[in-house]
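**Student:** This is the structure, below, for whatever I ask next.
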Amino acid sequence: MMKRMLLMLAAVFAFLAIIGSIKYTQFKTMAQQGAYAPPPEAVTTTVAKEEQWQTTISAIGSVAAVNGVTVSADLPGIVTEILFDSGKPVAKGEVLVRLDTRQERAQLAAAEAQAELSRVELSRSKGLLSSGVLPQSTFDSVAAQNKQAEARVGEIKATIERKTVRAPFSGVLGIRQINLGQYLEGGAPIVSLQALRPAYVNFNVPQQDIATLPVGTMVEVTSDAIGGSESGRVIAIDSHIDEATRNVRVQAVFDNTSGKLRPGMYVDAHLPRGVASTVITLPTSSISYAPFGDSVFIVEQLKDPKDPEKTYRGVRQQFVKLGGSRGDLVAITSGVKAGEEVVTSGVFKLRPGAAVNVNNSIQPASSATPKPEDS
């Protein structure tokens with residue numbers, strides 16, 4: 001039984017070896033005769049052209065108020081009046097909250113009475129001093145007591161005034177955080193107050209872009225929250241560069257007449273980089289990105305390596321240097337010449353020298369200002 005199984009296995013292996021040898025010989029013969037060649041890859045192309053290109057710097061910015069604070073109680077006390085509504089604009093100096101000052105007012109009445117008595121004593125002492133009855137030292141003591149009494153009155157009045165909370169500047173209030181009759185500790189928050197007009201936007205840019213970003217450069221910010229764009233200008237560049245990221249902080253100011261820019265909001269900031277230059281523009285889909293270098297495939301008439309007298313339509317891989325991008329387009333600063341035919345789709349399946357079949361009936365989108373339908 002075992003002997004029969006071994007014979008069957010030997011016969012199977014012999015059969016497979018014969019078939020393999022035959023196929024190997026066939027493929028080798030076809031390769032030598034040039035009978036086998038991969039079919040051309042279907043691609044779309046575009047003709048490279050020069051354009052005046054204003055490259056831009058894009059960054060994520062954060063909106064900040066020119067003036068923004070959380071209004072708080074300076075001294076502890078019980079809330080007796082709330083004179084504001086949440087979310088409403090207020091003017092500088094407008095009263096927001098009053099705390100209970102009954103004890104301080106009682107102390108003020110006593111201090112004013114003491115001050116009045118000290119003034120009478122001071123007036124009487126002046127007369128006695130002029131007649132030589134009162135010594136100078138006694139008069140000086142009475143004068144000092146009068147000053148102390150007047151200072152005590154001023155101190156109590158200042159305490160009463162500090163228990164009246166006013167808006168430190170004009171702006172828009174946030175949500176009220178206190179209730180009537182509530183006891184507030186010193187420094188307890190009452191309401192947020194933000195000055196929305198104008199507004200700041202802070203963002204970071206790479207250190208190499210500082211030279212092309214002078215103060216006064218126009219900035220445009222966009223966000224889904226504002227439903228459009230706002231224009232402003234750079235007013236300050238930080239004197240310190242972050243050692244971890246090598247980025248520098250930039251601040252721009254916006255009129256914010258619409259009031260849509262709110263403190264803490266994230267926006268997309270766009271700034272021009274230097275002056276406009278002439279570059280080759282291509283769709284981003286035409287770029288083959290790789291760690292060893294970015295490249296494109298240029299369609300040309302290539303010579304058949306097996307028969308130099310024959311040519312075919314194939315691709316040449318060309319490494320390029322990229323500039324800035326705008327929408328679906330990217331600037332090529334070197335590597336491609338105007339008029340060259342560049343592959344725009346199907347790049348991932350190409351290799352240098354591959355044959356291609358160009359079909360431009362359907363082209364990929366390539367707009368500097370794309371508007372996706374499902375955005």
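Each chain in the structure tokens gets a letter, A, B, ..., in the order shown, and its residues are numbered from 1; ligands are numbered from 1 in order too.
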Hey, what's within 8 Å of range 206-213 of chain A if we count only C-alpha atoms and toss same-chain stuff fewer than 6 positions away? As a tab-separated table (two decimals) with C-alpha atoms, in the first residue's frame, please?
**Tutor:**
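Here's the written file part-v1.tsv:
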```tsv
chain	number	residue	atom	x	y	z
A	241	ILE	CA	10.33	82.35	17.83
A	246	ARG	CA	10.45	77.35	14.69
A	247	ASN	CA	7.21	79.25	14.14
A	248	VAL	CA	6.55	82.87	15.01
A	273	ARG	CA	3.74	85.37	0.26
A	274	GLY	CA	6.00	87.93	-1.43
```
**Student:** At a cut-off of 9 Å, using only C-alpha atoms, what residues contact Ser258 in chain A? Leave out same-chain residues fewer than 3 positions from it and give the result as an MDAnalysis selection string.
**Tutor:** chainID A and resid 197 255 261
**Student:** Write the residues you've just listed into a file as an mmCIF file, in the first residue's frame, and include C-alpha atoms for each of them.
**Tutor:**
```cif
data_model
loop_
_atom_site.group_PDB
_atom_site.id
_atom_site.type_symbol
_atom_site.label_atom_id
_atom_site.label_comp_id
_atom_site.auth_asym_id
_atom_site.auth_seq_id
_atom_site.Cartn_x
_atom_site.Cartn_y
_atom_site.Cartn_z
ATOM 1 C CA ARG A 197 -14.994 95.712 17.416
ATOM 2 C CA ASP A 255 -12.763 95.865 11.952
ATOM 3 C CA LEU A 261 -15.742 87.141 14.822
#
```
**Student:** Can you tell me, as a PyMOL selection string, which residues in range 180-327 of chain A count as strand (DSSP E or B) by DSSP?
**Tutor:** chain A and resi 183-184+189-206+218-223+228-241+247-254+266-272+277-283+288+295-303+311-319+321-326
**Student:** Using only C-alpha atoms for the distances, tell me which of A:Glu150, A:Ile237, A:Ser325, A:Asn256 is nearest to Ala110 in chain A.
**Tutor:**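 Going through A:Glu150, A:Ile237, A:Ser325, A:Asn256 one by one, the smallest distance to Ala110 in chain A is for A:Glu150.
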**Student:** Could you pull out the helix (DSSP H, G or I) residues of range 210-339 of chain A from DSSP and send them as JSON, numbers by chain?
**Tutor:** {"A": [210, 211, 212, 284, 285, 286]}
**Student:** Mind giving me the straight-line distance from CA of Ser334 in chain A to CA of Asn360 in chain A in Å, one decimal?
**Tutor:** 25.3 Å
**Student:** Grab the CA of Val330 in chain A to CA of Val234 in chain A distance for me, in Å with one decimal place.
**Tutor:**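 Separating CA of Val330 in chain A from CA of Val234 in chain A is a distance of 25.7 Å.
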**Student:** Excluding Ala338 in chain A and residues on its chain fewer than 6 positions from it, collect all residues at most 8 Å away from it, counting only C-alpha atoms, and give them as a PyMOL selection string.
**Tutor:** chain A and resi 47-50+280
**Student:** Give me a file of those residues, with N, CA and C atoms, as a PDB file, in the first residue's frame.
**Tutor:**
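selection06.pdb was written with the following content:
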```pdb
ATOM      1  N   VAL A  47      -1.908  70.119 -20.616  1.00  0.00           N
ATOM      2  CA  VAL A  47      -0.726  70.803 -21.137  1.00  0.00           C
ATOM      3  C   VAL A  47      -0.284  71.839 -20.109  1.00  0.00           C
ATOM      4  N   ALA A  48       0.964  71.756 -19.667  1.00  0.00           N
ATOM      5  CA  ALA A  48       1.490  72.689 -18.677  1.00  0.00           C
ATOM      6  C   ALA A  48       1.520  74.099 -19.258  1.00  0.00           C
ATOM      7  N   LYS A  49       1.092  75.055 -18.443  1.00  0.00           N
ATOM      8  CA  LYS A  49       1.084  76.445 -18.899  1.00  0.00           C
ATOM      9  C   LYS A  49       1.557  77.365 -17.783  1.00  0.00           C
ATOM     10  N   GLU A  50       2.066  78.517 -18.195  1.00  0.00           N
ATOM     11  CA  GLU A  50       2.563  79.500 -17.232  1.00  0.00           C
ATOM     12  C   GLU A  50       1.425  80.418 -16.779  1.00  0.00           C
ATOM     13  N   ILE A 280       4.689  77.433 -13.425  1.00  0.00           N
ATOM     14  CA  ILE A 280       3.871  76.415 -14.083  1.00  0.00           C
ATOM     15  C   ILE A 280       2.850  75.906 -13.069  1.00  0.00           C
TER      16      ILE A 280
END
```
**Student:** I'd like the neighbourhood of Val43 in chain A as a PDB file with C-alpha atoms, in the first residue's frame, where a residue qualifies if any of its atoms comes within 8 Å (using only C-alpha atoms), though same-chain residues fewer than 4 positions away should be ignored.
**Tutor:**
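Output saved as out29.pdb:
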```pdb
ATOM      1  CA  VAL A 343      -0.491  63.080 -16.719  1.00  0.00           C
ATOM      2  CA  THR A 344      -3.274  64.291 -14.396  1.00  0.00           C
ATOM      3  CA  SER A 345      -4.952  61.025 -13.389  1.00  0.00           C
ATOM      4  CA  GLY A 346      -3.775  57.425 -13.225  1.00  0.00           C
ATOM      5  CA  VAL A 347      -0.387  58.506 -11.868  1.00  0.00           C
ATOM      6  CA  VAL A 356      -0.165  55.104 -22.093  1.00  0.00           C
ATOM      7  CA  ASN A 357      -3.478  55.627 -23.809  1.00  0.00           C
ATOM      8  CA  VAL A 358      -4.656  59.229 -23.351  1.00  0.00           C
ATOM      9  CA  ASN A 359      -8.393  59.800 -22.954  1.00  0.00           C
ATOM     10  CA  ASN A 360      -9.343  63.351 -21.971  1.00  0.00           C
TER      11      ASN A 360
END
```
**Student:** Return the single residue from A:Leu184, A:Val320, A:Leu173, A:Leu282 that is closest to Pro89 in chain A, with distances computed using only C-alpha atoms.
**Tutor:** A:Leu173
**Student:** Which neighbours of Leu329 in chain A fall inside 8 Å, counting only C-alpha atoms, when residues of the same chain fewer than 5 positions from it are skipped, and could you give them as a list of chain:residue names?
**Tutor:**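 That gives A:Thr281, A:Leu282, A:Pro283, A:Thr284, A:Ser366, A:Ser367, A:Ala368.
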**Student:** Quick one, how far is CA of Pro305 in chain A from CA of Pro39 in chain A?
**Tutor:** 16.1 Å
**Student:** With distances taken over only C-alpha atoms, which of A:Pro135, A:Gly293, A:Val267, A:Lys157 is nearest to Gly227 in chain A?
**Tutor:**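 Counting only C-alpha atoms, the residue closest to Gly227 in chain A is A:Val267.
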**Student:** May I have the residues within 10 Å of range 55-66 of chain A as a ChimeraX atom specification, using only C-alpha atoms and disregarding those fewer than 2 positions away in the same chain?
**Tutor:** /A:52-53,68-69,171,193-206,209,213,219-222,249-254,261-277,323-326,330-331
**Student:** Within 8 Å of Gln318 in chain A, counting only C-alpha atoms, which residues show up once you throw out same-chain ones fewer than 5 positions away? Write them as a ChimeraX atom specification, please.
**Tutor:** /A:295-298,335-336
**Student:** Sorted by chain and rising residue number, list the residues of range 183-284 of chain A at most 12 Å from range 99-108 of chain A (counting only C-alpha atoms), each with its closest atom pair and distance in Å to one decimal, as CSV.
**Tutor:**
```
residue,atom,partner,partner_atom,distance
A:Tyr183,CA,A:Leu99,CA,9.0
A:Leu184,CA,A:Leu99,CA,8.8
A:Glu185,CA,A:Leu99,CA,11.2
A:Gly186,CA,A:Leu99,CA,11.5
A:Ile190,CA,A:Leu99,CA,11.9
```
**Student:** For Ala73 in chain A, which residue out of A:Ala91, A:Ala365, A:Ala188, A:Val342 is the nearest one, using only C-alpha atoms?
**Tutor:**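 With only C-alpha atoms as the atom set, the closest residue is A:Ala188.
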